[in-house]
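Undergrad: Data file data-v7.txt (compact mmCIF, C-alpha atoms) is appended below.
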```txt
# COMPACT_ATOMS: atom_id res chain seq x y z
CA MET A 241 0.00 0.00 0.00
CA SER A 242 1.47 3.35 -1.01
CA ARG A 243 2.05 6.15 1.47
CA ARG A 244 -0.68 8.23 -0.21
CA VAL A 245 -3.24 5.44 0.09
CA ARG A 246 -2.28 4.87 3.74
CA LEU A 247 -2.79 8.55 4.50
CA ILE A 248 -6.21 8.50 2.83
CA VAL A 249 -7.26 5.41 4.82
CA ILE A 250 -6.00 6.93 8.07
CA GLY A 251 -7.81 10.18 7.27
CA LEU A 252 -11.09 8.38 6.58
CA ALA A 253 -10.76 6.35 9.77
CA GLY A 254 -10.18 9.57 11.70
CA VAL A 255 -13.27 11.16 10.22
CA ILE A 256 -15.35 8.11 11.15
CA VAL A 257 -14.03 8.14 14.73
CA VAL A 258 -14.71 11.86 15.11
CA ALA A 259 -18.20 11.49 13.63
CA LEU A 260 -19.04 8.60 15.95
CA ALA A 261 -17.70 10.54 18.93
CA ALA A 262 -19.77 13.55 17.90
CA GLY A 263 -22.85 11.40 17.56
CA PHE A 264 -22.28 9.91 21.00
CA ALA A 265 -21.77 13.36 22.51
CA VAL A 266 -24.99 14.65 20.94
CA LEU A 267 -26.86 11.61 22.23
CA LYS A 268 -25.57 12.13 25.77
CA LEU A 269 -26.43 15.83 25.78
CA THR A 270 -30.02 15.69 24.55
CA GLY A 271 -31.98 15.85 27.77
CA GLY A 272 -33.59 13.27 30.01
CA ASP A 273 -35.85 10.33 29.41
CA ALA A 274 -39.01 10.86 27.41
CA PRO A 275 -42.27 11.02 29.39
CA PRO A 276 -44.35 7.83 29.22
CA PRO A 277 -47.33 7.58 26.87
CA PRO A 278 -50.50 9.18 28.27
CA SER A 279 -52.66 7.09 30.58
CA LEU A 280 -55.92 7.47 32.44
CA GLU A 281 -55.06 9.44 35.56
CA GLY A 282 -58.36 10.61 37.07
CA SER A 283 -60.55 8.75 39.56
CA PRO A 284 -63.53 7.19 37.75
CA ALA A 285 -66.95 8.46 38.77
CA ALA A 286 -69.84 6.21 39.68
CA GLY A 287 -73.38 6.66 38.40
CA GLY A 288 -74.96 7.36 35.04
CA GLY A 289 -73.33 8.44 31.84
CA THR A 290 -72.42 11.92 30.66
CA SER A 291 -74.23 13.46 27.69
CA GLY A 292 -73.83 16.65 25.72
CA ARG A 293 -71.07 18.68 24.09
CA LEU A 294 -67.82 18.85 26.04
CA ARG A 295 -64.69 20.91 25.52
CA PRO A 296 -61.01 20.36 26.37
CA ALA A 297 -60.18 21.66 29.84
CA SER A 298 -57.04 21.92 31.98
CA GLY A 299 -54.89 18.80 31.76
CA SER A 300 -55.53 18.23 28.06
CA PHE A 301 -52.73 17.90 25.53
CA VAL A 302 -51.88 16.44 22.14
CA GLY A 303 -48.43 15.77 20.78
CA TYR A 304 -45.96 13.55 18.98
CA ARG A 305 -43.61 10.69 19.87
CA VAL A 306 -40.81 9.92 17.41
CA ASN A 307 -37.47 8.15 17.43
CA GLU A 308 -34.29 10.04 16.59
CA GLU A 309 -31.21 8.14 15.42
CA TYR A 310 -27.83 9.55 16.46
CA LEU A 311 -25.32 8.57 13.78
CA GLY A 312 -25.59 4.87 14.47
CA VAL A 313 -24.66 5.40 18.12
CA GLY A 314 -28.12 5.09 19.56
CA VAL A 315 -31.78 6.01 19.40
CA ARG A 316 -33.59 8.50 21.61
CA THR A 317 -37.35 8.94 21.83
CA ALA A 318 -38.43 12.55 21.40
CA VAL A 319 -41.79 13.76 22.75
CA GLY A 320 -43.41 17.13 22.14
CA ARG A 321 -46.79 18.29 23.43
CA THR A 322 -49.13 21.25 23.40
CA GLY A 323 -51.93 22.03 25.83
CA ALA A 324 -53.46 24.52 23.38
CA VAL A 325 -56.33 22.25 22.35
CA THR A 326 -59.82 23.49 21.45
CA GLY A 327 -62.98 22.11 19.88
CA THR A 328 -65.87 19.90 20.98
CA VAL A 329 -66.58 16.26 21.74
CA THR A 330 -70.20 15.09 21.72
CA VAL A 331 -71.07 12.33 24.19
CA ASP A 332 -74.25 10.32 24.55
CA GLY A 333 -74.16 8.17 27.67
CA GLN A 334 -71.45 5.57 27.14
CA ARG A 335 -70.70 6.52 23.54
CA VAL A 336 -68.64 9.28 21.99
CA ARG A 337 -70.68 10.38 18.98
CA ALA A 338 -68.57 13.10 17.38
CA ALA A 339 -65.37 15.08 17.82
CA GLU A 340 -63.94 18.19 16.16
CA LEU A 341 -60.63 19.17 17.70
CA ARG A 342 -57.87 21.68 16.91
CA ALA A 343 -54.35 22.05 18.26
CA ASP A 344 -52.05 25.06 18.09
CA MET A 345 -48.85 23.50 16.77
CA THR A 346 -46.83 26.64 17.43
CA GLN A 347 -47.18 25.83 21.14
CA VAL A 348 -45.68 22.33 20.89
CA ARG A 349 -42.79 21.96 23.33
CA SER A 350 -40.31 19.16 23.99
CA ASP A 351 -37.31 18.89 26.32
CA GLN A 352 -35.10 20.55 23.69
CA SER A 353 -35.70 24.14 22.58
CA ARG A 354 -33.42 23.56 19.57
CA ARG A 355 -35.71 20.77 18.40
CA ASP A 356 -38.75 23.00 18.85
CA ASP A 357 -37.11 25.84 16.91
CA THR A 358 -36.20 23.44 14.08
CA LEU A 359 -39.80 22.29 13.76
CA ARG A 360 -40.85 25.87 13.06
CA TYR A 361 -39.39 25.70 9.55
CA ARG A 362 -38.61 22.00 9.01
CA GLY A 363 -40.58 18.80 9.54
CA ILE A 364 -44.09 19.88 10.52
CA GLU A 365 -43.20 23.54 9.76
CA THR A 366 -45.30 25.11 12.49
CA ASP A 367 -44.64 28.65 11.24
CA ARG A 368 -46.30 27.76 7.92
CA TYR A 369 -48.90 25.30 9.21
CA PRO A 370 -49.80 26.44 12.73
CA THR A 371 -52.97 24.39 13.22
CA ALA A 372 -53.72 20.66 13.25
CA ARG A 373 -57.32 19.41 13.13
CA PHE A 374 -58.95 16.06 13.88
CA THR A 375 -62.46 14.95 12.93
CA LEU A 376 -63.90 11.70 14.28
CA SER A 377 -65.31 9.46 11.53
CA GLY A 378 -67.81 7.53 13.63
CA PRO A 379 -68.94 6.80 17.20
CA PHE A 380 -67.17 4.50 19.64
CA ALA A 381 -68.00 3.04 23.04
CA LEU A 382 -66.42 4.54 26.14
CA SER A 383 -64.20 1.95 27.86
CA ILE A 384 -61.06 1.77 29.99
CA SER A 385 -59.94 -0.99 27.61
CA PRO A 386 -58.55 0.14 24.24
CA ARG A 387 -61.11 0.79 21.53
CA ARG A 388 -60.20 1.25 17.89
CA THR A 389 -61.79 4.11 16.00
CA ALA A 390 -60.90 6.31 13.03
CA GLY A 391 -60.85 9.90 11.92
CA THR A 392 -59.33 12.42 9.56
CA LEU A 393 -56.26 14.39 10.57
CA LEU A 394 -55.21 17.68 8.98
CA LEU A 395 -51.49 18.14 9.58
CA HIS A 396 -48.86 20.11 7.67
CA GLY A 397 -51.59 21.36 5.35
CA ARG A 398 -52.69 17.87 4.25
CA SER A 399 -55.57 15.63 5.31
CA ALA A 400 -55.36 11.86 5.67
CA PRO A 401 -57.32 9.15 7.50
CA ILE A 402 -55.82 7.75 10.69
CA ALA A 403 -56.66 4.82 12.97
CA VAL A 404 -56.87 5.72 16.65
CA ASN A 405 -56.66 3.56 19.76
CA VAL A 406 -58.51 5.25 22.60
CA ARG A 407 -59.49 4.58 26.20
CA GLY A 408 -61.83 6.65 28.32
CA GLN A 409 -63.67 7.07 31.58
CA ARG A 410 -66.14 9.39 33.25
CA LEU A 411 -64.88 11.71 35.99
CA ALA A 412 -66.66 13.65 38.71
CA GLY A 413 -68.55 16.78 37.74
CA GLY A 414 -69.77 15.44 34.40
CA ARG A 415 -66.26 15.43 32.97
CA LEU A 416 -64.73 12.85 30.65
CA GLU A 417 -61.14 11.66 30.23
CA LEU A 418 -59.86 10.22 26.95
CA VAL A 419 -56.34 9.03 26.21
CA GLY A 420 -54.96 7.40 23.11
CA SER A 421 -52.60 7.30 20.19
CA ALA A 422 -52.45 6.91 16.43
CA PRO A 423 -49.54 5.77 14.23
CA ILE A 424 -48.52 8.42 11.71
CA ARG A 425 -46.62 8.01 8.43
CA PHE A 426 -45.00 11.36 7.68
CA ALA A 427 -45.24 10.82 3.92
CA ASP A 428 -49.06 10.80 4.21
CA PHE A 429 -48.85 14.44 5.28
CA GLY A 430 -46.02 15.56 3.02
CA ILE A 431 -43.62 15.80 5.95
CA GLU A 432 -39.93 15.28 5.26
CA PRO A 433 -38.23 13.89 8.39
CA PRO A 434 -35.63 16.47 9.48
CA SER A 435 -31.93 15.63 9.71
CA VAL A 436 -29.30 17.71 11.50
CA ALA A 437 -25.97 17.64 9.62
CA GLY A 438 -26.32 13.87 9.25
CA LEU A 439 -25.75 13.44 13.00
CA VAL A 440 -29.41 13.27 14.01
CA THR A 441 -32.03 11.71 11.74
CA VAL A 442 -35.73 11.42 12.54
CA ARG A 443 -37.41 8.21 11.39
CA ASP A 444 -40.13 8.39 8.75
CA HIS A 445 -42.98 7.56 11.12
CA GLY A 446 -44.13 8.39 14.61
CA VAL A 447 -47.08 8.43 16.96
CA LEU A 448 -49.69 11.08 17.61
CA GLU A 449 -50.78 10.87 21.26
CA PHE A 450 -53.27 12.72 23.40
CA ARG A 451 -54.94 13.14 26.75
CA LEU A 452 -58.22 15.01 26.83
CA VAL A 453 -59.96 16.12 29.99
CA LEU A 454 -63.37 17.21 28.74
CA ALA A 455 -65.86 19.41 30.56
CA ARG A 456 -69.27 20.83 29.75
CA THR A 457 -69.38 23.97 27.62
CA GLY A 458 -68.76 26.97 29.82
CA ALA A 459 -67.26 24.88 32.64
```
Just give me the structure as structure tokens.
TA:
Amino acid sequence: MSRRVRLIVIGLAGVIVVALAAGFAVLKLTGGDAPPPPSLEGSPAAGGGTSGRLRPASGSFVGYRVNEEYLGVGVRTAVGRTGAVTGTVTVDGQRVRAAELRADMTQVRSDQSRRDDTLRYRGIETDRYPTARFTLSGPFALSISPRRTAGTLLLHGRSAPIAVNVRGQRLAGGRLELVGSAPIRFADFGIEPPSVAGLVTVRDHGVLEFRLVLARTGA
């Protein structure tokens, strides 16, 4: 092997080592563990069912859960959430009949402000597409066990059907608690997974997750 070839090989090996070290450093410096998926937290209420139109109240949020790959060194789960949720959910006894919900995506926050700033103009581009909307396609029964339902999600300026797993329970004061998740393929919404200098790459799919504490209109 000639001296020139040896130098090239050594140089490439050095670049690889530095890149791997950088990836490891980024992985170690990206905050704490991700919060667990949402779960039913309130104390269930006894008695009859709740009926009427309810709205998101304090304790509600929607957000994302995605995996970020750090240059082959490891994978970290990133979670971002917003409590800026509005809209209505129509309930009839033990069934949720309809739902029209909106989320202010500009208020999504994770454990990394740099990630949040990046999403303003890359990925979900919250500066350009500040609002996400969900419309329930059909009724489902209220249960603490997972129920599968469906709806249409408007995200990043595009609409696509999604399948949702949801659990729910009645709370005191005529309130309702719903938690759940839906798998999301970014390509369905024209979202290009962001990459930071090749060191951090977001996978091409993720999970939409939510917790809704619903109260009567005006409550």
Undergrad: Give as a list of chain:residue names the set of residues within 12 Å of the point (-67.2, 6.9, 37.5), where distances use the file's coordinates and all atoms listed in the file.
TA: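 Residues found, by chain and rising number: A:Gly282, A:Ser283, A:Pro284, A:Ala285, A:Ala286, A:Gly287, A:Gly288, A:Gly289, A:Thr290, A:Gln334, A:Leu382, A:Ser383, A:Ile384, A:Gly408, A:Gln409, A:Arg410, A:Leu411, A:Ala412, A:Gly413, A:Gly414, A:Arg415, A:Leu416, A:Glu417.
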Undergrad: Take the residues that were just selected and, keeping C-alpha atoms, output them as a short mmCIF file (atom, residue, chain, number, x, y, z; two decimals), keeping the file's coordinate frame.
TA:
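For reference, part.cif as written:
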```cif
data_model
loop_
_atom_site.label_atom_id
_atom_site.label_comp_id
_atom_site.auth_asym_id
_atom_site.auth_seq_id
_atom_site.Cartn_x
_atom_site.Cartn_y
_atom_site.Cartn_z
CA GLY A 282 -58.36 10.61 37.07
CA SER A 283 -60.55 8.75 39.56
CA PRO A 284 -63.53 7.19 37.75
CA ALA A 285 -66.95 8.46 38.77
CA ALA A 286 -69.84 6.21 39.68
CA GLY A 287 -73.38 6.66 38.40
CA GLY A 288 -74.96 7.36 35.04
CA GLY A 289 -73.33 8.44 31.84
CA THR A 290 -72.42 11.92 30.66
CA GLN A 334 -71.45 5.57 27.14
CA LEU A 382 -66.42 4.54 26.14
CA SER A 383 -64.20 1.95 27.86
CA ILE A 384 -61.06 1.77 29.99
CA GLY A 408 -61.83 6.65 28.32
CA GLN A 409 -63.67 7.07 31.58
CA ARG A 410 -66.14 9.39 33.25
CA LEU A 411 -64.88 11.71 35.99
CA ALA A 412 -66.66 13.65 38.71
CA GLY A 413 -68.55 16.78 37.74
CA GLY A 414 -69.77 15.44 34.40
CA ARG A 415 -66.26 15.43 32.97
CA LEU A 416 -64.73 12.85 30.65
CA GLU A 417 -61.14 11.66 30.23
#
```
Undergrad: Could you work out how far atom CA of A:Glu308 lies from atom CA of A:Leu341, giving the answer in Å with one decimal?
TA: 27.9 Å
Undergrad: Near A:Arg293, counting all atoms listed in the file, which residues have an atom at most 12 Å away, once you skip same-chain residues fewer than 4 positions from it, shown as a PDB file with C-alpha atoms, in the coordinates of the input?
TA:
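Heads up, here's the output in out39.pdb:
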```
ATOM      1  CA  GLY A 327     -62.980  22.110  19.880  1.00  0.00           C
ATOM      2  CA  THR A 328     -65.870  19.900  20.980  1.00  0.00           C
ATOM      3  CA  VAL A 329     -66.580  16.260  21.740  1.00  0.00           C
ATOM      4  CA  THR A 330     -70.200  15.090  21.720  1.00  0.00           C
ATOM      5  CA  VAL A 331     -71.070  12.330  24.190  1.00  0.00           C
ATOM      6  CA  ASP A 332     -74.250  10.320  24.550  1.00  0.00           C
ATOM      7  CA  GLY A 333     -74.160   8.170  27.670  1.00  0.00           C
ATOM      8  CA  VAL A 336     -68.640   9.280  21.990  1.00  0.00           C
ATOM      9  CA  ARG A 337     -70.680  10.380  18.980  1.00  0.00           C
ATOM     10  CA  ALA A 338     -68.570  13.100  17.380  1.00  0.00           C
ATOM     11  CA  ALA A 339     -65.370  15.080  17.820  1.00  0.00           C
ATOM     12  CA  GLU A 340     -63.940  18.190  16.160  1.00  0.00           C
ATOM     13  CA  GLY A 414     -69.770  15.440  34.400  1.00  0.00           C
ATOM     14  CA  ARG A 415     -66.260  15.430  32.970  1.00  0.00           C
ATOM     15  CA  LEU A 416     -64.730  12.850  30.650  1.00  0.00           C
ATOM     16  CA  LEU A 454     -63.370  17.210  28.740  1.00  0.00           C
ATOM     17  CA  ALA A 455     -65.860  19.410  30.560  1.00  0.00           C
ATOM     18  CA  ARG A 456     -69.270  20.830  29.750  1.00  0.00           C
ATOM     19  CA  THR A 457     -69.380  23.970  27.620  1.00  0.00           C
ATOM     20  CA  GLY A 458     -68.760  26.970  29.820  1.00  0.00           C
ATOM     21  CA  ALA A 459     -67.260  24.880  32.640  1.00  0.00           C
TER      22      ALA A 459
END
```
Undergrad: Rank nothing, just name the residue among A:Ser279, A:Thr389, A:Thr317, A:Ser298 nearest to A:Val447, using all atoms listed in the file.
TA: A:Thr317
Undergrad: I'd like the interatomic distance between atom CA of A:Leu280 and atom CA of A:Ile424, to a tenth of an Å.
TA: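 Atom CA of A:Ile424 lies 22.0 Å from atom CA of A:Leu280.
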Undergrad: When you draw a straight line from atom CA of A:Val306 to atom CA of A:Leu448, how long is it in Å?
TA: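 These atoms are spaced 9.0 Å apart.
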Undergrad: May I ask which of the residues A:Tyr310, A:Tyr369, A:Tyr304, A:Tyr361 is the closest one to A:Pro423, counting all atoms listed in the file?
TA: A:Tyr304
Undergrad: Restricting the calculation to all atoms listed in the file, which member of A:Val440, A:Asp428, A:Met345, A:Leu393 is positioned closest to A:Val313?
TA: A:Val440
Undergrad: With all atoms listed in the file as the counted atoms, please give the residues lying no more than 8 Å from A:Ser350, apart from itself and same-chain residues fewer than 4 positions off, as a ChimeraX atom specification.
TA: /A:318-321,355-356
Undergrad: Quick one: of A:Ala390, A:Val315, A:Ala343, A:Ile364, who's nearest to A:Val302, counting only C-alpha atoms?
TA: A:Ala343
Undergrad: Any idea what's packed within 6 Å of A:Gly420, counting only C-alpha atoms, ignoring anything in its chain fewer than 2 positions away? Could you give it as a PyMOL selection string?
TA: chain A and resi 405-406+449-450
Undergrad: Which of these, A:Ser377, A:Thr358, A:Thr366, A:Thr371, has the shortest distance to A:Thr326 once you count only C-alpha atoms?
TA: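 Smallest separation from A:Thr326 among the options: A:Thr371.
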Undergrad: For A:Thr441, which of A:Gln352, A:Ser300, A:Thr346, A:Asn307 is the closest residue, counting all atoms listed in the file?
TA: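 Closest to A:Thr441 of all the choices is A:Asn307.
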Undergrad: Report, as JSON, the centre and edge lengths in Å (one decimal) of the axis-aligned box enclosing every listed atom of stretch 446-453 of chain A, padded by 8 Å on each side.
TA:
```
{"center_x": -52.0, "center_y": 12.3, "center_z": 22.3, "size_x": 31.8, "size_y": 23.7, "size_z": 31.4}
```
Undergrad: With N, CA, C and O atoms as the target, complete stretch 314-325 of chain A and hand it back as a PDB file, in the frame of the given file.
TA:
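What landed in rebuild.pdb:
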```pdb
ATOM      1  N   GLY A 314     -26.980   5.457  18.750  1.00  0.00           N
ATOM      2  CA  GLY A 314     -28.120   5.090  19.560  1.00  0.00           C
ATOM      3  C   GLY A 314     -29.377   5.789  19.096  1.00  0.00           C
ATOM      4  O   GLY A 314     -29.359   6.608  18.175  1.00  0.00           O
ATOM      5  N   VAL A 315     -30.466   5.452  19.734  1.00  0.00           N
ATOM      6  CA  VAL A 315     -31.780   6.010  19.400  1.00  0.00           C
ATOM      7  C   VAL A 315     -32.376   6.628  20.656  1.00  0.00           C
ATOM      8  O   VAL A 315     -32.324   6.024  21.733  1.00  0.00           O
ATOM      9  N   ARG A 316     -32.902   7.826  20.510  1.00  0.00           N
ATOM     10  CA  ARG A 316     -33.590   8.500  21.610  1.00  0.00           C
ATOM     11  C   ARG A 316     -35.009   8.818  21.183  1.00  0.00           C
ATOM     12  O   ARG A 316     -35.239   9.230  20.053  1.00  0.00           O
ATOM     13  N   THR A 317     -35.948   8.614  22.100  1.00  0.00           N
ATOM     14  CA  THR A 317     -37.350   8.940  21.830  1.00  0.00           C
ATOM     15  C   THR A 317     -37.587  10.405  22.174  1.00  0.00           C
ATOM     16  O   THR A 317     -37.284  10.846  23.285  1.00  0.00           O
ATOM     17  N   ALA A 318     -38.108  11.143  21.208  1.00  0.00           N
ATOM     18  CA  ALA A 318     -38.430  12.550  21.400  1.00  0.00           C
ATOM     19  C   ALA A 318     -39.943  12.713  21.536  1.00  0.00           C
ATOM     20  O   ALA A 318     -40.706  12.115  20.770  1.00  0.00           O
ATOM     21  N   VAL A 319     -40.362  13.526  22.497  1.00  0.00           N
ATOM     22  CA  VAL A 319     -41.790  13.760  22.750  1.00  0.00           C
ATOM     23  C   VAL A 319     -42.026  15.263  22.822  1.00  0.00           C
ATOM     24  O   VAL A 319     -41.327  15.977  23.547  1.00  0.00           O
ATOM     25  N   GLY A 320     -43.001  15.740  22.074  1.00  0.00           N
ATOM     26  CA  GLY A 320     -43.410  17.130  22.140  1.00  0.00           C
ATOM     27  C   GLY A 320     -44.909  17.224  22.327  1.00  0.00           C
ATOM     28  O   GLY A 320     -45.655  16.409  21.762  1.00  0.00           O
ATOM     29  N   ARG A 321     -45.362  18.192  23.116  1.00  0.00           N
ATOM     30  CA  ARG A 321     -46.790  18.290  23.430  1.00  0.00           C
ATOM     31  C   ARG A 321     -47.231  19.744  23.498  1.00  0.00           C
ATOM     32  O   ARG A 321     -46.445  20.639  23.788  1.00  0.00           O
ATOM     33  N   THR A 322     -48.518  19.945  23.225  1.00  0.00           N
ATOM     34  CA  THR A 322     -49.130  21.250  23.400  1.00  0.00           C
ATOM     35  C   THR A 322     -50.438  21.093  24.163  1.00  0.00           C
ATOM     36  O   THR A 322     -51.224  20.175  23.892  1.00  0.00           O
ATOM     37  N   GLY A 323     -50.665  22.011  25.107  1.00  0.00           N
ATOM     38  CA  GLY A 323     -51.930  22.030  25.830  1.00  0.00           C
ATOM     39  C   GLY A 323     -52.941  22.971  25.197  1.00  0.00           C
ATOM     40  O   GLY A 323     -54.060  23.112  25.701  1.00  0.00           O
ATOM     41  N   ALA A 324     -52.558  23.586  24.075  1.00  0.00           N
ATOM     42  CA  ALA A 324     -53.460  24.520  23.380  1.00  0.00           C
ATOM     43  C   ALA A 324     -54.391  23.744  22.465  1.00  0.00           C
ATOM     44  O   ALA A 324     -54.216  23.704  21.245  1.00  0.00           O
ATOM     45  N   VAL A 325     -55.377  23.100  23.078  1.00  0.00           N
ATOM     46  CA  VAL A 325     -56.330  22.250  22.350  1.00  0.00           C
ATOM     47  C   VAL A 325     -57.725  22.824  22.521  1.00  0.00           C
ATOM     48  O   VAL A 325     -58.148  23.135  23.644  1.00  0.00           O
TER      49      VAL A 325
END
```
